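K.L.:
What follows is run.txt, compact mmCIF, C-alpha atoms.
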# COMPACT_ATOMS: atom_id res chain seq x y z
CA MET A 1 -1.68 5.15 22.77
CA GLU A 2 -2.02 1.52 21.63
CA ALA A 3 -5.66 2.06 20.68
CA VAL A 4 -4.74 5.12 18.63
CA LEU A 5 -2.01 3.23 16.77
CA VAL A 6 -4.53 0.51 15.93
CA SER A 7 -6.92 3.19 14.64
CA LEU A 8 -4.09 4.63 12.54
CA LEU A 9 -3.24 1.31 10.87
CA PRO A 10 -5.56 1.74 7.85
CA TYR A 11 -4.07 5.18 7.13
CA ILE A 12 -0.53 3.89 7.67
CA ILE A 13 -1.02 0.96 5.31
CA GLY A 14 -2.87 3.07 2.78
CA SER A 15 -0.12 5.71 2.76
CA ALA A 16 2.67 3.16 2.66
CA VAL A 17 1.41 1.16 -0.31
CA VAL A 18 0.70 4.06 -2.69
CA PRO A 19 2.53 2.72 -5.78
CA LEU A 20 3.58 6.11 -7.14
CA GLN A 21 5.74 7.13 -4.20
CA ILE A 22 7.41 3.70 -4.06
CA ILE A 23 8.14 3.66 -7.79
CA VAL A 24 9.66 7.14 -7.67
CA GLY A 25 11.77 6.18 -4.66
CA LEU A 26 13.06 3.01 -6.33
CA LEU A 27 13.81 4.79 -9.60
CA LEU A 28 15.81 7.40 -7.72
CA LEU A 29 17.60 4.78 -5.66
CA LYS A 30 18.75 2.79 -8.68
CA SER A 31 19.97 5.87 -10.54
CA PRO A 32 23.56 5.33 -11.71
CA LYS A 33 24.72 8.65 -10.26
CA GLN A 34 24.13 9.50 -6.58
CA GLY A 35 21.15 7.18 -6.42
CA LEU A 36 21.38 6.70 -2.67
CA PHE A 37 21.63 10.43 -1.99
CA LYS A 38 18.70 11.13 -4.31
CA ALA A 39 16.50 8.59 -2.54
CA ILE A 40 17.45 9.93 0.90
CA ALA A 41 16.76 13.49 -0.24
CA TYR A 42 13.41 12.40 -1.67
CA VAL A 43 12.31 10.76 1.58
CA ALA A 44 13.62 13.72 3.58
CA GLY A 45 11.48 16.05 1.48
CA MET A 46 8.37 13.95 2.05
CA THR A 47 9.11 13.81 5.78
CA ILE A 48 9.48 17.59 6.07
CA THR A 49 6.20 18.18 4.25
CA ARG A 50 4.39 15.72 6.50
CA LEU A 51 5.91 17.34 9.58
CA LEU A 52 4.71 20.75 8.41
CA GLN A 53 1.27 19.32 7.70
CA GLY A 54 1.25 17.90 11.21
CA LEU A 55 2.24 21.20 12.79
CA LEU A 56 -0.39 23.19 10.92
CA PHE A 57 -3.36 20.86 10.71
CA GLY A 58 -2.62 19.04 13.95
CA PHE A 59 -2.87 22.37 15.76
CA ILE A 60 -6.10 23.29 13.96
CA LEU A 61 -7.73 19.92 14.57
CA SER A 62 -6.65 19.76 18.21
CA ARG A 63 -8.34 23.11 18.83
CA SER A 64 -11.56 22.08 17.15
CA THR A 65 -14.56 21.95 19.46
CA THR A 66 -15.77 18.97 17.47
CA PHE A 67 -13.48 16.79 19.54
CA ALA A 68 -15.23 17.60 22.79
CA ASP A 69 -16.57 14.08 23.24
CA GLY A 70 -13.10 12.55 22.67
CA SER A 71 -14.57 9.80 20.52
CA SER A 72 -12.39 8.91 17.54
CA GLY A 73 -14.82 6.43 16.12
CA LYS A 74 -17.86 8.73 15.91
CA ASN A 75 -16.18 12.02 15.20
CA PRO A 76 -17.87 13.83 12.29
CA ILE A 77 -14.59 15.24 10.95
CA ILE A 78 -12.98 11.81 10.86
CA SER A 79 -16.10 10.27 9.35
CA THR A 80 -16.23 12.96 6.67
CA LEU A 81 -12.55 12.49 5.84
CA LEU A 82 -13.08 8.73 5.62
CA LEU A 83 -16.05 9.26 3.33
CA VAL A 84 -14.06 11.60 1.07
CA LEU A 85 -11.09 9.24 1.05
CA GLY A 86 -13.30 6.28 0.21
CA ILE A 87 -14.86 8.15 -2.70
CA LEU A 88 -11.45 9.30 -3.99
CA LEU A 89 -10.07 5.77 -3.86
CA LEU A 90 -13.08 4.26 -5.60
CA ILE A 91 -12.84 6.93 -8.31
CA ALA A 92 -9.14 6.12 -8.69
CA ALA A 93 -9.93 2.40 -9.00
CA TYR A 94 -12.58 3.10 -11.63
CA LYS A 95 -10.28 5.36 -13.63
CA LYS A 96 -7.49 2.79 -13.55
CA TRP A 97 -9.92 0.07 -14.61
CA ARG A 98 -11.10 2.27 -17.49
CA LYS A 99 -7.44 3.11 -18.23
CA GLU A 100 -8.14 6.79 -17.64
CA GLU A 101 -5.51 9.15 -16.27
CA ASP A 102 -5.19 9.44 -12.50
CA PRO A 103 -4.46 13.04 -11.41
CA ASP A 104 -2.05 11.67 -8.80
CA ASP A 105 0.04 9.93 -11.46
CA PRO A 106 2.98 11.80 -12.97
CA PRO A 107 3.28 12.34 -16.73
CA PRO A 108 5.27 9.51 -18.38
CA LYS A 109 7.94 11.97 -19.57
CA TRP A 110 8.45 13.12 -15.98
CA VAL A 111 9.24 9.57 -14.85
CA THR A 112 11.80 9.09 -17.61
CA THR A 113 13.77 12.13 -16.44
CA ILE A 114 14.30 10.80 -12.91
CA ASP A 115 17.78 9.44 -13.65
CA GLY A 116 18.94 12.94 -14.54
CA LEU A 117 17.70 14.58 -11.36
CA THR A 118 20.06 16.01 -8.78
CA PRO A 119 19.60 15.25 -5.06
CA LEU A 120 18.25 18.78 -4.61
CA LYS A 121 15.57 18.23 -7.26
CA ALA A 122 14.76 14.86 -5.71
CA PHE A 123 14.31 16.68 -2.41
CA GLY A 124 11.92 19.06 -4.16
CA ILE A 125 9.91 16.16 -5.55
CA GLY A 126 9.67 14.73 -2.05
CA LEU A 127 8.45 18.07 -0.75
CA GLY A 128 5.83 18.38 -3.46
CA LEU A 129 4.44 14.88 -3.80
CA PRO A 130 2.44 14.83 -0.52
CA LEU A 131 0.98 18.21 -1.52
CA ILE A 132 -0.21 17.30 -5.01
CA ALA A 133 -1.41 13.74 -4.34
CA ALA A 134 -4.98 14.03 -3.08
CA LYS A 135 -5.03 10.57 -1.55
CA LEU A 136 -1.89 11.25 0.50
CA TRP A 137 -3.48 14.47 1.75
CA VAL A 138 -6.57 12.69 3.02
CA PHE A 139 -4.57 9.83 4.58
CA THR A 140 -2.51 12.38 6.51
CA LEU A 141 -5.48 14.51 7.54
CA SER A 142 -7.39 11.43 8.68
CA ALA A 143 -4.42 10.34 10.78
CA LEU A 144 -4.12 13.80 12.32
CA ALA A 145 -7.85 13.91 13.05
CA THR A 146 -7.70 10.50 14.71
CA ILE A 147 -4.77 11.55 16.89
CA ALA A 148 -6.41 14.85 17.82
CA ALA A 149 -9.68 13.14 18.68
CA ALA A 150 -7.92 10.82 21.11
CA GLN A 151 -6.78 13.83 23.19
CA LEU A 152 -3.49 12.21 24.15
CA GLY A 153 -1.75 15.43 25.08
CA GLN A 154 0.84 17.23 23.00
CA PRO A 155 3.93 15.03 23.63
CA THR A 156 2.11 11.73 23.10
CA SER A 157 0.24 13.08 20.08
CA ALA A 158 3.55 14.17 18.55
CA ILE A 159 5.01 10.70 19.12
CA ALA A 160 1.93 9.08 17.57
CA TYR A 161 2.21 11.27 14.48
CA LEU A 162 5.95 10.64 14.16
CA LEU A 163 5.22 6.91 14.27
CA PHE A 164 2.61 7.42 11.56
CA ILE A 165 5.19 9.16 9.36
CA LEU A 166 7.82 6.51 10.02
CA LEU A 167 5.51 3.61 9.22
CA ALA A 168 3.89 5.38 6.26
CA GLU A 169 7.37 5.79 4.75
CA SER A 170 8.57 2.32 5.74
CA LEU A 171 8.42 0.98 2.18
CA LEU A 172 10.63 3.88 1.11
CA LEU A 173 13.08 3.49 3.97
CA LEU A 174 13.55 -0.28 3.68
CA PRO A 175 15.08 -0.18 0.16
CA ILE A 176 17.41 2.61 1.31
CA LEU A 177 18.53 0.53 4.28
CA MET A 178 19.00 -2.45 1.98
CA ARG A 179 21.13 -0.34 -0.35
CA ILE A 180 23.28 0.82 2.58
CA LEU A 181 23.69 -2.58 4.25
CA VAL A 182 24.06 -4.81 1.18
CA PRO A 183 24.86 -2.44 -1.70
CA GLU A 184 25.94 -5.01 -4.28
CA ARG A 185 23.22 -7.56 -3.64
CA SER A 186 20.52 -4.90 -3.44
CA LYS A 187 21.09 -3.50 -6.93
CA SER A 188 19.55 -6.40 -8.82
CA VAL A 189 16.75 -6.75 -6.27
CA LEU A 190 15.83 -3.07 -6.53
CA ILE A 191 15.89 -3.14 -10.33
CA GLN A 192 13.61 -6.18 -10.40
CA LEU A 193 11.27 -4.69 -7.81
CA SER A 194 11.09 -1.37 -9.62
CA SER A 195 10.36 -3.09 -12.93
CA TRP A 196 7.70 -5.28 -11.33
CA LEU A 197 5.96 -2.33 -9.68
CA THR A 198 6.05 -0.28 -12.87
CA ARG A 199 4.72 -3.19 -14.89
CA ASN A 200 1.96 -4.03 -12.41
CA ASN A 201 1.13 -0.51 -11.29
CA ARG A 202 -2.38 -0.66 -12.75
CA PRO A 203 -3.65 -3.89 -11.09
CA ILE A 204 -1.95 -2.96 -7.80
CA THR A 205 -3.57 0.47 -7.78
CA ILE A 206 -6.99 -0.96 -8.67
CA THR A 207 -6.81 -3.56 -5.90
CA ILE A 208 -5.55 -1.19 -3.21
CA SER A 209 -7.96 1.58 -4.17
CA LEU A 210 -10.95 -0.76 -4.31
CA VAL A 211 -10.25 -2.50 -0.98
CA PHE A 212 -9.43 0.65 0.98
CA GLY A 213 -12.09 2.66 -0.83
CA LEU A 214 -14.85 0.30 0.25
CA LEU A 215 -13.43 0.08 3.78
CA PHE A 216 -13.21 3.84 4.26
CA LEU A 217 -16.56 4.47 2.58
CA LYS A 218 -18.27 2.03 4.94
CA SER A 219 -16.51 3.51 7.99
CA GLY A 220 -17.33 7.06 6.94
CA ILE A 221 -21.02 6.38 6.35
CA SER A 222 -21.31 4.38 9.58
CA GLY A 223 -19.64 7.18 11.54
CA LEU A 224 -21.91 9.87 10.12
CA LEU A 225 -25.06 7.84 10.71
CA SER A 226 -24.17 6.72 14.24
Once you've parsed the file, please lay out its structure as structure tokens.
P.N.:
Amino acid sequence: MEAVLVSLLPYIIGSAVVPLQIIVGLLLLKSPKQGLFKAIAYVAGMTITRLLQGLLFGFILSRSTTFADGSSGKNPIISTLLLVLGILLLIAAYKKWRKEEDPDDPPPKWVTTIDGLTPLKAFGIGLGLPLIAAKLWVFTLSALATIAAAQLGQPTSAIAYLLFILLAESLLLLPILMRILVPERSKSVLIQLSSWLTRNNRPITITISLVFGLLFLKSGISGLLS
């Protein structure tokens, strides 16, 4: 179990630091009307989608005969997913550097309408975001493939995936907890953090995409050649 969690760390960190999902969560949280409920609904939507992805693709991957050797490091499915993820991240870094549009980024007008969303619509955004963001898809599939390859058994595999979801959403859950525990003090902090992330979205995305892109590309190529 410990070895699997270590193997999942790159996917956990990569999923957690995607700027788009954090910015949306913070914008919802600092909404003047029902901000806390909107943020909770948003995270709940993302969680449900990831659970459904786990049920469907976890079952498929666990039944794959490719996992017969039980090796997570040299599994061709994992290596292929890492290769694809590395390429996607490097493309994203290049597009951000060239100031081109990233398909995972929402239209600017969409972001400006967040304050007017209801909790139900925020829930819908949470449901949809993991489905339309290609990088989140590959992070999740890579995590599921790693868990399936370890052949931990159904209960332990389920726990490992739930931990992946929890940690991948940690940067969404922490501001919500802050808002609940210290509501007055958190308002200014959340506004400043949201503004900083929005202002520095481009350099953050370039750095994260470049670092993880090179890491996953190297791991994918090494796995396929080994």
K.L.:
Env of Ser31 (chain A): 8 Å cut, atoms = all atoms listed in the file, seq-sep filter 4 positions within chain, self excluded. Answer as a list in words.
P.N.:
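Counting all atoms listed in the file, the residues come to Leu27, Gly35, Ile114 and Asp115 of chain A.
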K.L.:
Give me the residues near region 84-87 of chain A as a PDB file with C-alpha atoms, in the coordinates of the input, where near means some atom within 8 Å (using only C-alpha atoms) and where sequence neighbours in that chain fewer than 3 positions away do not count.
P.N.:
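Written output follows (out-v4.pdb):
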ATOM      1  CA  THR A  80     -16.230  12.960   6.670  1.00  0.00           C
ATOM      2  CA  LEU A  81     -12.550  12.490   5.840  1.00  0.00           C
ATOM      3  CA  LEU A  90     -13.080   4.260  -5.600  1.00  0.00           C
ATOM      4  CA  ILE A  91     -12.840   6.930  -8.310  1.00  0.00           C
ATOM      5  CA  LYS A 135      -5.030  10.570  -1.550  1.00  0.00           C
ATOM      6  CA  VAL A 138      -6.570  12.690   3.020  1.00  0.00           C
ATOM      7  CA  PHE A 139      -4.570   9.830   4.580  1.00  0.00           C
ATOM      8  CA  PHE A 212      -9.430   0.650   0.980  1.00  0.00           C
ATOM      9  CA  GLY A 213     -12.090   2.660  -0.830  1.00  0.00           C
ATOM     10  CA  LEU A 214     -14.850   0.300   0.250  1.00  0.00           C
ATOM     11  CA  LEU A 215     -13.430   0.080   3.780  1.00  0.00           C
ATOM     12  CA  PHE A 216     -13.210   3.840   4.260  1.00  0.00           C
ATOM     13  CA  LEU A 217     -16.560   4.470   2.580  1.00  0.00           C
ATOM     14  CA  GLY A 220     -17.330   7.060   6.940  1.00  0.00           C
TER      15      GLY A 220
END
K.L.:
Which neighbours of Ala133 (chain A) fall inside 12 Å, counting only C-alpha atoms, when residues of the same chain fewer than 2 positions from it are skipped, and could you give them as a list of chain:residue names?
P.N.:
A:Ser15, A:Val18, A:Pro19, A:Leu20, A:Gln21, A:Met46, A:Leu85, A:Leu88, A:Leu89, A:Ala92, A:Asp102, A:Pro103, A:Asp104, A:Asp105, A:Pro106, A:Ile125, A:Gly126, A:Leu127, A:Gly128, A:Leu129, A:Pro130, A:Leu131, A:Lys135, A:Leu136, A:Trp137, A:Val138, A:Phe139, A:Thr140
K.L.:
Go ahead and find all residues with at least one atom no further than 12 Å from (20.8, 8.5, -8.0) in the file's coordinates, using all atoms listed in the file; report them as a VMD selection string.
P.N.:
chain A and resid 24 to 42 113 to 123 176 179
K.L.:
Can you work out which one of A:Pro155, A:Ser79, A:Ile13, A:Thr49 has the shortest atom-to-atom distance to Ser209 (chain A), counting all atoms listed in the file?
P.N.:
A:Ile13
K.L.:
Grab the CA of Gly223 (chain A) to CA of Tyr161 (chain A) distance for me, in Å with one decimal place.
P.N.:
22.4 Å
K.L.:
Of the candidates A:Leu163, A:Val182, A:Ile78, A:Ile208, which shows the shortest atom-to-atom distance to Leu9 (chain A), using only C-alpha atoms?
P.N.:
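Selected residue with least distance to Leu9 (chain A): A:Leu163.
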K.L.:
Write out as a PyMOL selection string each polymer residue whose atoms come within 8 Å of Ile206 (chain A), counting only C-alpha atoms; drop sequence neighbours fewer than 2 positions from it.
P.N.:
chain A and resi 92-94+96-97+202-204+208-210
K.L.:
Could the residues in this selection be written to a file with C-alpha atoms, as a PDB file, keeping the file's coordinate frame?
P.N.:
ATOM      1  CA  ALA A  92      -9.140   6.120  -8.690  1.00  0.00           C
ATOM      2  CA  ALA A  93      -9.930   2.400  -9.000  1.00  0.00           C
ATOM      3  CA  TYR A  94     -12.580   3.100 -11.630  1.00  0.00           C
ATOM      4  CA  LYS A  96      -7.490   2.790 -13.550  1.00  0.00           C
ATOM      5  CA  TRP A  97      -9.920   0.070 -14.610  1.00  0.00           C
ATOM      6  CA  ARG A 202      -2.380  -0.660 -12.750  1.00  0.00           C
ATOM      7  CA  PRO A 203      -3.650  -3.890 -11.090  1.00  0.00           C
ATOM      8  CA  ILE A 204      -1.950  -2.960  -7.800  1.00  0.00           C
ATOM      9  CA  ILE A 208      -5.550  -1.190  -3.210  1.00  0.00           C
ATOM     10  CA  SER A 209      -7.960   1.580  -4.170  1.00  0.00           C
ATOM     11  CA  LEU A 210     -10.950  -0.760  -4.310  1.00  0.00           C
TER      12      LEU A 210
END
K.L.:
In Å, rounded to a single decimal, give me how far CA of Leu172 (chain A) is from CA of Val4 (chain A).
P.N.:
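Value for the CA of Val4 (chain A)-CA of Leu172 (chain A) distance: 23.3 Å.
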K.L.:
Measure the distance from CA of Leu144 (chain A) to CA of Thr205 (chain A) in Å and round it to one decimal.
P.N.:
24.1 Å
